[in-house]
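J.: Hey, dropping data-v1.txt in here, compact mmCIF, C-alpha atoms and all ligand atoms:
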```txt
# COMPACT_ATOMS: atom_id res chain seq x y z
CA MET A 1 -8.35 -27.10 -7.51
CA LYS A 2 -8.83 -25.50 -10.92
CA ARG A 3 -9.17 -21.76 -10.59
CA PRO A 4 -10.26 -19.57 -13.50
CA LYS A 5 -7.59 -17.22 -14.87
CA LEU A 6 -8.17 -13.47 -14.68
CA ILE A 7 -6.23 -10.91 -16.69
CA ALA A 8 -6.86 -7.40 -15.38
CA GLY A 9 -5.51 -4.22 -16.90
CA ASN A 10 -4.72 -1.41 -14.47
CA TRP A 11 -4.48 1.66 -16.63
CA LYS A 12 -3.39 3.85 -13.67
CA MET A 13 -3.45 7.61 -14.50
CA ASN A 14 -3.13 7.06 -18.25
CA THR A 15 -5.29 7.79 -21.32
CA THR A 16 -7.70 10.61 -22.01
CA LEU A 17 -11.28 9.48 -22.52
CA SER A 18 -10.91 9.41 -26.31
CA GLU A 19 -7.67 7.42 -26.10
CA GLY A 20 -9.32 5.04 -23.64
CA ILE A 21 -12.33 4.52 -25.93
CA LYS A 22 -10.02 3.58 -28.81
CA LEU A 23 -8.26 1.04 -26.62
CA VAL A 24 -11.38 -0.54 -25.16
CA ASP A 25 -13.03 -0.67 -28.61
CA ILE A 26 -10.12 -2.82 -29.83
CA LEU A 27 -10.61 -5.19 -26.90
CA ILE A 28 -14.38 -5.40 -27.46
CA HIS A 29 -13.85 -6.10 -31.15
CA ALA A 30 -11.21 -8.78 -30.46
CA GLN A 31 -13.43 -10.48 -27.93
CA LYS A 32 -16.38 -10.51 -30.36
CA LYS A 33 -14.23 -12.04 -33.08
CA SER A 34 -12.83 -14.72 -30.84
CA PRO A 35 -14.22 -14.99 -27.28
CA PHE A 36 -11.53 -14.80 -24.59
CA LYS A 37 -10.89 -18.02 -22.68
CA ALA A 38 -9.61 -16.14 -19.64
CA ARG A 39 -11.69 -13.70 -17.64
CA VAL A 40 -10.71 -10.14 -18.50
CA ALA A 41 -11.12 -6.88 -16.59
CA VAL A 42 -10.08 -3.32 -17.26
CA ALA A 43 -9.61 -0.61 -14.66
CA PRO A 44 -9.48 2.74 -16.48
CA PRO A 45 -9.47 6.14 -14.73
CA TYR A 46 -12.73 7.15 -12.99
CA THR A 47 -13.59 9.64 -15.74
CA HIS A 48 -14.00 6.77 -18.22
CA LEU A 49 -16.14 4.45 -16.15
CA SER A 50 -19.62 5.62 -17.03
CA GLU A 51 -18.92 5.70 -20.76
CA PHE A 52 -17.22 2.29 -20.60
CA ARG A 53 -20.14 0.78 -18.70
CA ASN A 54 -22.36 1.46 -21.74
CA LYS A 55 -19.77 0.09 -24.14
CA LEU A 56 -19.18 -3.07 -22.11
CA MET A 57 -22.86 -3.76 -21.41
CA ASN A 58 -23.01 -6.79 -23.74
CA SER A 59 -19.42 -7.85 -23.36
CA SER A 60 -17.75 -10.33 -21.05
CA ILE A 61 -15.06 -7.76 -20.21
CA CYS A 62 -15.52 -6.74 -16.60
CA LEU A 63 -15.25 -3.10 -15.58
CA ALA A 64 -13.17 -2.32 -12.51
CA ALA A 65 -12.23 0.84 -10.61
CA GLN A 66 -8.73 1.63 -9.38
CA ASN A 67 -9.78 2.87 -5.94
CA VAL A 68 -12.75 3.73 -3.74
CA SER A 69 -13.34 5.76 -0.59
CA ASP A 70 -13.61 4.06 2.78
CA LYS A 71 -16.59 6.37 3.50
CA LEU A 72 -20.09 6.01 2.09
CA SER A 73 -20.93 9.68 1.43
CA GLY A 74 -20.46 13.16 2.80
CA ALA A 75 -17.93 15.98 2.91
CA TYR A 76 -14.90 14.17 1.48
CA THR A 77 -13.84 16.36 -1.43
CA GLY A 78 -12.38 14.43 -4.32
CA GLU A 79 -13.45 10.99 -3.11
CA ILE A 80 -15.64 8.44 -4.91
CA SER A 81 -18.00 6.20 -2.95
CA VAL A 82 -18.87 2.55 -3.46
CA LEU A 83 -22.51 3.65 -3.95
CA MET A 84 -21.45 5.67 -7.00
CA LEU A 85 -19.46 2.74 -8.38
CA LYS A 86 -22.26 0.28 -7.79
CA ASP A 87 -24.75 2.61 -9.45
CA ILE A 88 -22.78 2.48 -12.71
CA GLY A 89 -22.27 -1.28 -12.64
CA ILE A 90 -18.69 -1.60 -11.41
CA ARG A 91 -17.95 -5.17 -10.32
CA LYS A 92 -14.37 -5.04 -9.05
CA VAL A 93 -12.15 -2.47 -7.33
CA ILE A 94 -8.38 -2.52 -6.92
CA ILE A 95 -7.58 -1.91 -3.27
CA ALA A 96 -4.29 -0.79 -1.68
CA HIS A 97 -2.19 -0.80 -4.82
CA SER A 98 1.43 -0.16 -3.80
CA GLU A 99 1.24 3.27 -5.45
CA ARG A 100 -1.64 4.13 -3.14
CA ARG A 101 0.27 2.76 -0.17
CA GLN A 102 3.41 4.69 -1.17
CA TYR A 103 2.04 8.05 -2.38
CA PHE A 104 -1.30 8.35 -0.59
CA GLY A 105 -0.53 6.82 2.78
CA GLU A 106 -2.86 3.86 2.44
CA THR A 107 -2.36 1.44 5.31
CA ASN A 108 -3.57 -2.10 5.92
CA ASP A 109 -6.27 -0.62 8.20
CA ILE A 110 -7.59 1.63 5.45
CA ALA A 111 -7.49 -1.30 3.02
CA LEU A 112 -9.57 -3.34 5.47
CA GLU A 113 -12.20 -0.59 5.73
CA LYS A 114 -12.39 -0.29 1.95
CA ILE A 115 -12.69 -4.04 1.48
CA LYS A 116 -15.45 -4.26 4.11
CA ILE A 117 -17.45 -1.45 2.55
CA ILE A 118 -17.27 -2.78 -1.01
CA LEU A 119 -18.02 -6.39 -0.04
CA LYS A 120 -21.09 -5.11 1.78
CA HIS A 121 -22.21 -3.66 -1.55
CA GLU A 122 -21.38 -6.83 -3.50
CA ILE A 123 -18.35 -5.46 -5.32
CA HIS A 124 -15.26 -7.64 -5.37
CA PRO A 125 -11.89 -6.35 -4.20
CA ILE A 126 -8.56 -7.04 -5.87
CA TYR A 127 -6.39 -6.58 -2.80
CA CYS A 128 -2.75 -5.74 -3.60
CA VAL A 129 0.17 -6.90 -1.49
CA GLY A 130 3.89 -6.97 -2.10
CA GLU A 131 7.27 -6.10 -0.65
CA SER A 132 9.72 -3.31 -1.49
CA LEU A 133 13.18 -3.97 -2.87
CA THR A 134 14.70 -3.33 0.57
CA ASP A 135 12.32 -5.84 2.15
CA ARG A 136 13.40 -8.47 -0.35
CA GLU A 137 17.10 -7.67 -0.02
CA LYS A 138 16.83 -7.92 3.78
CA ASP A 139 14.91 -11.18 3.43
CA ARG A 140 11.79 -9.64 4.97
CA HIS A 141 9.52 -10.27 1.98
CA TYR A 142 7.58 -13.15 3.50
CA ALA A 143 7.07 -11.27 6.78
CA VAL A 144 5.83 -8.12 5.03
CA VAL A 145 3.37 -9.98 2.83
CA GLU A 146 2.18 -12.11 5.76
CA GLU A 147 1.41 -8.92 7.70
CA GLN A 148 -0.48 -7.43 4.73
CA ILE A 149 -2.58 -10.60 4.53
CA THR A 150 -3.22 -11.21 8.23
CA ALA A 151 -3.95 -7.53 9.02
CA VAL A 152 -6.75 -7.54 6.47
CA LEU A 153 -8.03 -11.01 5.56
CA TYR A 154 -7.87 -12.39 9.10
CA LYS A 155 -10.34 -9.66 10.15
CA LEU A 156 -12.98 -10.93 7.71
CA SER A 157 -15.42 -13.79 8.10
CA ASP A 158 -15.04 -17.07 6.19
CA GLU A 159 -17.78 -16.44 3.64
CA LYS A 160 -16.01 -13.29 2.40
CA ILE A 161 -12.81 -15.09 1.34
CA PRO A 162 -14.03 -16.53 -2.00
CA LYS A 163 -15.13 -13.01 -2.99
CA ILE A 164 -11.59 -11.64 -2.72
CA THR A 165 -8.83 -11.66 -5.30
CA ILE A 166 -5.28 -11.07 -4.13
CA ALA A 167 -2.71 -9.42 -6.40
CA TYR A 168 0.89 -10.08 -5.44
CA GLU A 169 2.85 -7.17 -6.85
CA PRO A 170 6.43 -6.89 -5.64
CA VAL A 171 7.13 -3.14 -5.66
CA TRP A 172 10.55 -3.65 -7.25
CA ALA A 173 8.91 -5.26 -10.28
CA ILE A 174 6.28 -2.57 -10.93
CA GLY A 175 7.03 -0.46 -13.99
CA THR A 176 10.70 -1.41 -13.84
CA GLY A 177 10.85 -4.08 -16.53
CA ARG A 178 12.26 -6.35 -13.84
CA THR A 179 9.77 -9.18 -13.44
CA ALA A 180 9.79 -11.65 -10.57
CA THR A 181 10.87 -15.00 -11.93
CA PRO A 182 8.04 -17.53 -12.29
CA ASP A 183 9.52 -19.40 -9.30
CA GLN A 184 9.75 -16.28 -7.11
CA ALA A 185 6.16 -15.35 -7.93
CA SER A 186 4.80 -18.87 -7.54
CA ASP A 187 6.63 -19.33 -4.21
CA MET A 188 5.03 -16.19 -2.82
CA HIS A 189 1.60 -17.16 -4.11
CA SER A 190 1.93 -20.54 -2.47
CA PHE A 191 3.05 -18.82 0.77
CA ILE A 192 0.00 -16.50 0.64
CA ARG A 193 -2.26 -19.52 0.16
CA ASP A 194 -0.64 -21.17 3.21
CA VAL A 195 -1.15 -18.05 5.34
CA VAL A 196 -4.81 -17.89 4.32
CA GLY A 197 -5.16 -21.66 4.84
CA LYS A 198 -3.87 -21.41 8.43
CA ARG A 199 -6.83 -19.25 9.40
CA PHE A 200 -9.55 -20.31 6.95
CA GLY A 201 -8.65 -23.90 6.05
CA ASP A 202 -7.28 -25.44 2.88
CA ASP A 203 -10.58 -25.51 1.06
CA LEU A 204 -11.13 -21.73 1.16
CA ALA A 205 -7.43 -21.06 0.59
CA GLY A 206 -7.60 -23.32 -2.46
CA GLN A 207 -10.40 -21.21 -3.92
CA LEU A 208 -8.52 -17.93 -3.49
CA GLN A 209 -7.57 -16.33 -6.78
CA ILE A 210 -4.04 -14.88 -6.67
CA LEU A 211 -2.81 -12.69 -9.51
CA TYR A 212 0.77 -11.69 -10.19
CA GLY A 213 1.61 -8.09 -11.13
CA GLY A 214 4.89 -6.39 -12.00
CA SER A 215 6.21 -5.91 -15.55
CA VAL A 216 4.01 -8.62 -17.03
CA ASN A 217 4.20 -8.46 -20.83
CA ALA A 218 3.49 -10.57 -23.90
CA ALA A 219 6.92 -12.19 -23.72
CA ASN A 220 6.87 -13.34 -20.09
CA ALA A 221 3.13 -13.95 -19.54
CA GLY A 222 3.06 -17.53 -20.82
CA GLU A 223 5.67 -18.78 -18.41
CA LEU A 224 4.28 -16.88 -15.41
CA LEU A 225 0.71 -17.98 -16.09
CA SER A 226 1.69 -21.62 -16.43
CA MET A 227 2.79 -21.74 -12.78
CA PRO A 228 0.37 -23.70 -10.57
CA HIS A 229 -0.29 -20.92 -8.03
CA ILE A 230 -0.52 -18.02 -10.51
CA ASP A 231 -4.18 -17.50 -11.35
CA GLY A 232 -3.81 -14.50 -13.60
CA ALA A 233 -2.13 -11.14 -13.92
CA LEU A 234 -2.63 -7.53 -12.95
CA VAL A 235 -1.05 -5.70 -15.84
CA GLY A 236 0.05 -2.05 -15.83
CA GLY A 237 2.06 -0.65 -18.75
CA ALA A 238 1.39 -3.54 -21.13
CA SER A 239 -2.38 -3.15 -20.71
CA LEU A 240 -2.14 0.22 -22.47
CA LYS A 241 -1.03 -1.42 -25.70
CA ALA A 242 -3.90 -3.39 -27.23
CA ASP A 243 -1.72 -5.95 -29.05
CA GLU A 244 0.36 -6.63 -25.97
CA PHE A 245 -2.66 -6.96 -23.67
CA LEU A 246 -4.43 -9.26 -26.13
CA ALA A 247 -1.32 -11.43 -26.32
CA ILE A 248 -1.30 -11.70 -22.51
CA ILE A 249 -4.99 -12.69 -22.54
CA GLN A 250 -4.15 -15.29 -25.18
CA ALA A 251 -1.31 -16.63 -23.06
CA ALA A 252 -3.73 -17.20 -20.16
CA GLY A 253 -6.13 -19.33 -22.16
P1 LIG B 301 3.50 -2.75 -14.64
O1 LIG B 301 2.85 -3.90 -15.37
O2 LIG B 301 3.56 -1.49 -15.45
O3 LIG B 301 4.80 -3.14 -14.02
O4 LIG B 301 2.50 -2.39 -13.43
C1 LIG B 301 2.04 -3.40 -12.62
C2 LIG B 301 0.99 -2.85 -11.76
O5 LIG B 301 1.24 -2.06 -10.88
C3 LIG B 301 -0.39 -3.30 -12.00
O6 LIG B 301 -1.23 -2.91 -10.97
```
Here is a file; write its structure as C-alpha cells.
T.:
Amino acid sequence: MKRPKLIAGNWKMNTTLSEGIKLVDILIHAQKKSPFKARVAVAPPYTHLSEFRNKLMNSSICLAAQNVSDKLSGAYTGEISVLMLKDIGIRKVIIAHSERRQYFGETNDIALEKIKIILKHEIHPIYCVGESLTDREKDRHYAVVEEQITAVLYKLSDEKIPKITIAYEPVWAIGTGRTATPDQASDMHSFIRDVVGKRFGDDLAGQLQILYGGSVNAANAGELLSMPHIDGALVGGASLKADEFLAIIQAAG
C-alpha cells in the first residue's frame, strides 16, 4: 500500500512570533516556487497559530498544534480547547509527545481522552509513542510501545483508525543527535503496524501513517524516509532551520 509522506515540524517552545513569521514565510515562498511533493505540516507555539492561519490560507502547508486540553471548556486555567483550535482552522494536533509524558504527567489515558475529543471535532491526531533509553537497554522497547498503542488505539472504533497518524519517537533519539538507525526505526514501525493489524485487520493497519521522530536532519532523512514502513518524519530541532527543513521535505519527495 502506497502511503503519502508527511513531514511535520514540531517547533516545541521555540521562536517568538516575529522569528516564527520569518521561518514560515521562507517555507511559503519555497512551496510557491516549487510545490512540495510530500505533505508538510508545521506545529508552532499556540501564540503563533492565529497569525499563521491567515498566512497559510492559500498554501498546502498544514497548520498543527502541539497540544490540546482533554476538556471542552470551563475553569481550566492555561488550557486550550479543541473548539478554539477548530475555530482558527487547525487540522492536526500532536498528542502525548514524550516531553508531555515526561514533564507534564501525560498518560495513555489522557492521550486517549484527547484523541477522542479532537476526532469528534474532525481534527487529526499525531499520536506519539516511543521507549526510553532504559526500556531499550532492558529490551522492553516492544512491550512499552505495544502498551502505548493498545491502551489508546484499541479503545477506538475501526473508522477512526485512518484518521490517526502515529509518530514513533524513541526518547533516547530526541534532541540528542543520536538517531535510530533506519532498520531500528523501520522494525518498530512494522511492529506497530502488526499490533494495529491484530485488532483492526491488515487493511486498516496498512493505511496507518507512521512517522519517525528523533534527530531527523537533512543528512539522515533520505535513508530513513526510503524505508518501507517510514511514512514521514516528525522533526524537532531541524525544523527550526529553514534550509534544513526544506532539505528534509525534498528528501521525502
Ligand atoms: P529532534 O528532531 O530535535 O530530535 O526532536 C524530535 C521531536 O521530538 C519531534 O517531535
J.: For ligand LIG 301 (chain B), which residue out of A:Gln148, A:Ser132, A:Asn58, A:Ser98 is the nearest one, using all atoms listed in the file?
T.: A:Ser98
J.: Could you list the protein, DNA and RNA residues that have any atom within 6 Å of ligand LIG 301 (chain B), counting only C-alpha atoms and all ligand atoms, and write them as a PDB file with C-alpha atoms, keeping the file's coordinate frame?
T.:
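Okay, this is what ended up in out02.pdb:
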```
ATOM      1  CA  ASN A  10      -4.720  -1.410 -14.470  1.00  0.00           C
ATOM      2  CA  ALA A 173       8.910  -5.260 -10.280  1.00  0.00           C
ATOM      3  CA  ILE A 174       6.280  -2.570 -10.930  1.00  0.00           C
ATOM      4  CA  GLY A 175       7.030  -0.460 -13.990  1.00  0.00           C
ATOM      5  CA  GLY A 213       1.610  -8.090 -11.130  1.00  0.00           C
ATOM      6  CA  GLY A 214       4.890  -6.390 -12.000  1.00  0.00           C
ATOM      7  CA  SER A 215       6.210  -5.910 -15.550  1.00  0.00           C
ATOM      8  CA  VAL A 216       4.010  -8.620 -17.030  1.00  0.00           C
ATOM      9  CA  LEU A 234      -2.630  -7.530 -12.950  1.00  0.00           C
ATOM     10  CA  VAL A 235      -1.050  -5.700 -15.840  1.00  0.00           C
ATOM     11  CA  GLY A 236       0.050  -2.050 -15.830  1.00  0.00           C
ATOM     12  CA  GLY A 237       2.060  -0.650 -18.750  1.00  0.00           C
ATOM     13  CA  ALA A 238       1.390  -3.540 -21.130  1.00  0.00           C
TER      14      ALA A 238
END
```
J.: Give the answer as one residue: which of A:Arg101, A:Lys163, A:Arg91, A:Arg178 has the shortest atom-to-atom distance to Lys116 of chain A, using only C-alpha atoms?
T.: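 Ranked by minimum distance to Lys116 of chain A, first place goes to A:Lys163.
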J.: Measuring between all atoms listed in the file, which one of A:Val68, A:Leu49, A:Val129, A:Ile249 shows the shortest distance to His141 of chain A?
T.: A:Val129
J.: Any idea what the distance is between atom CA of Lys138 of chain A and atom CA of Ala151 of chain A?
T.: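 One can read the atom CA of Lys138 of chain A to atom CA of Ala151 of chain A distance as 21.4 Å.
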J.: Pick out the residues sitting within 8 Å of Val144 of chain A, and hand them over as a PyMOL selection string; count all atoms listed in the file, and ignore anything fewer than 4 positions along from it in its own chain.
T.: chain A and resi 130-131+135+140+148
J.: With distances taken over only C-alpha atoms, which of A:Asn220, A:Thr15, A:Thr77, A:Gln31 is nearest to Thr181 of chain A?
T.: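 The shortest atom-to-atom distance to Thr181 of chain A comes from A:Asn220.
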J.: Counting all atoms listed in the file, what is within 12 Å of Lys55 of chain A, bar same-chain residues fewer than 3 positions away, as a PyMOL selection string?
T.: chain A and resi 20-29+48-52+58-63+89
J.: Report the distance between atom CA of Asn54 of chain A and atom CA of Ser81 of chain A in Å, rounded to one decimal place.
T.: 19.9 Å
J.: In Å to one decimal, how far is atom CA of Gly232 of chain A from atom CA of Leu246 of chain A?
T.: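 Between atom CA of Leu246 of chain A and atom CA of Gly232 of chain A the gap works out to 13.6 Å.
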J.: Nearest to Val82 of chain A among A:Asp194, A:Glu223, A:Glu113, A:Glu99, with distances taken over only C-alpha atoms: which residue is it?
T.: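 Among the listed residues, A:Glu113 lies closest to Val82 of chain A.
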J.: Would you mind listing what lies within 8 Å of Leu240 of chain A as a list of chain:residue names, with all atoms listed in the file counted and same-chain residues fewer than 5 positions away left out?
T.: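 Selected residues are A:Gly9, A:Trp11, A:Leu23, A:Phe245.
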J.: With only C-alpha atoms as the atoms that count, which of A:Gly222, A:Pro4, A:Pro45, A:Gly197 lies nearest to Ala251 of chain A?
T.: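 When distances to Ala251 of chain A are compared using only C-alpha atoms, the smallest one comes from A:Gly222.
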J.: Sorted by chain and rising residue number, list the residues of segment 87-146 of chain A at most 10 Å from segment 153-158 of chain A (counting all atoms listed in the file), each with its closest atom pair and distance in Å to one decimal, as a Markdown table.
T.:
```
| residue | atom | partner | partner_atom | distance |
| --- | --- | --- | --- | --- |
| A:Asn108 | CA | A:Leu153 | CA | 10.0 |
| A:Leu112 | CA | A:Leu153 | CA | 7.8 |
| A:Ile115 | CA | A:Leu156 | CA | 9.3 |
| A:Lys116 | CA | A:Leu156 | CA | 8.0 |
| A:Tyr127 | CA | A:Leu153 | CA | 9.6 |
```
J.: Centre and edge lengths, as AutoDock Vina command-line options, for the axis-aligned box enclosing every listed atom of segment 103-116 of chain A with 4 Å of padding on each of the six sides, in Å to one decimal?
T.:
```
--center_x -6.7 --center_y 2.0 --center_z 2.9 --size_x 25.5 --size_y 20.6 --size_z 18.6
```
J.: Please provide the set of residues having any atom within 8 Å of Lys92 of chain A, restricted to only C-alpha atoms, with same-chain residues fewer than 6 positions apart removed, written as a VMD selection string.
T.: chain A and resid 62 to 65 123 to 126
J.: Would you pick out the contacts of His229 of chain A at 9 Å or less, using all atoms listed in the file, so that residues sharing its chain but fewer than 6 positions from it are not included, and give the list as a VMD selection string?
T.: chain A and resid 185 to 190 193 209 to 211
J.: Counting only C-alpha atoms, which residues come within 12 Å of (-13.5, -17.9, -20.0), with the point read in the file's coordinates, and could you list them as a ChimeraX atom specification?
T.: /A:3-7,31,34-41,60-62,249-250,252-253
J.: Deliver the residues from the most recent selection as a file, using C-alpha atoms, as a PDB file, keeping the file's coordinate frame.
T.:
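Wrote result.pdb, looks like this:
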```pdb
ATOM      1  CA  ARG A   3      -9.170 -21.760 -10.590  1.00  0.00           C
ATOM      2  CA  PRO A   4     -10.260 -19.570 -13.500  1.00  0.00           C
ATOM      3  CA  LYS A   5      -7.590 -17.220 -14.870  1.00  0.00           C
ATOM      4  CA  LEU A   6      -8.170 -13.470 -14.680  1.00  0.00           C
ATOM      5  CA  ILE A   7      -6.230 -10.910 -16.690  1.00  0.00           C
ATOM      6  CA  GLN A  31     -13.430 -10.480 -27.930  1.00  0.00           C
ATOM      7  CA  SER A  34     -12.830 -14.720 -30.840  1.00  0.00           C
ATOM      8  CA  PRO A  35     -14.220 -14.990 -27.280  1.00  0.00           C
ATOM      9  CA  PHE A  36     -11.530 -14.800 -24.590  1.00  0.00           C
ATOM     10  CA  LYS A  37     -10.890 -18.020 -22.680  1.00  0.00           C
ATOM     11  CA  ALA A  38      -9.610 -16.140 -19.640  1.00  0.00           C
ATOM     12  CA  ARG A  39     -11.690 -13.700 -17.640  1.00  0.00           C
ATOM     13  CA  VAL A  40     -10.710 -10.140 -18.500  1.00  0.00           C
ATOM     14  CA  ALA A  41     -11.120  -6.880 -16.590  1.00  0.00           C
ATOM     15  CA  SER A  60     -17.750 -10.330 -21.050  1.00  0.00           C
ATOM     16  CA  ILE A  61     -15.060  -7.760 -20.210  1.00  0.00           C
ATOM     17  CA  CYS A  62     -15.520  -6.740 -16.600  1.00  0.00           C
ATOM     18  CA  ILE A 249      -4.990 -12.690 -22.540  1.00  0.00           C
ATOM     19  CA  GLN A 250      -4.150 -15.290 -25.180  1.00  0.00           C
ATOM     20  CA  ALA A 252      -3.730 -17.200 -20.160  1.00  0.00           C
ATOM     21  CA  GLY A 253      -6.130 -19.330 -22.160  1.00  0.00           C
TER      22      GLY A 253
END
```
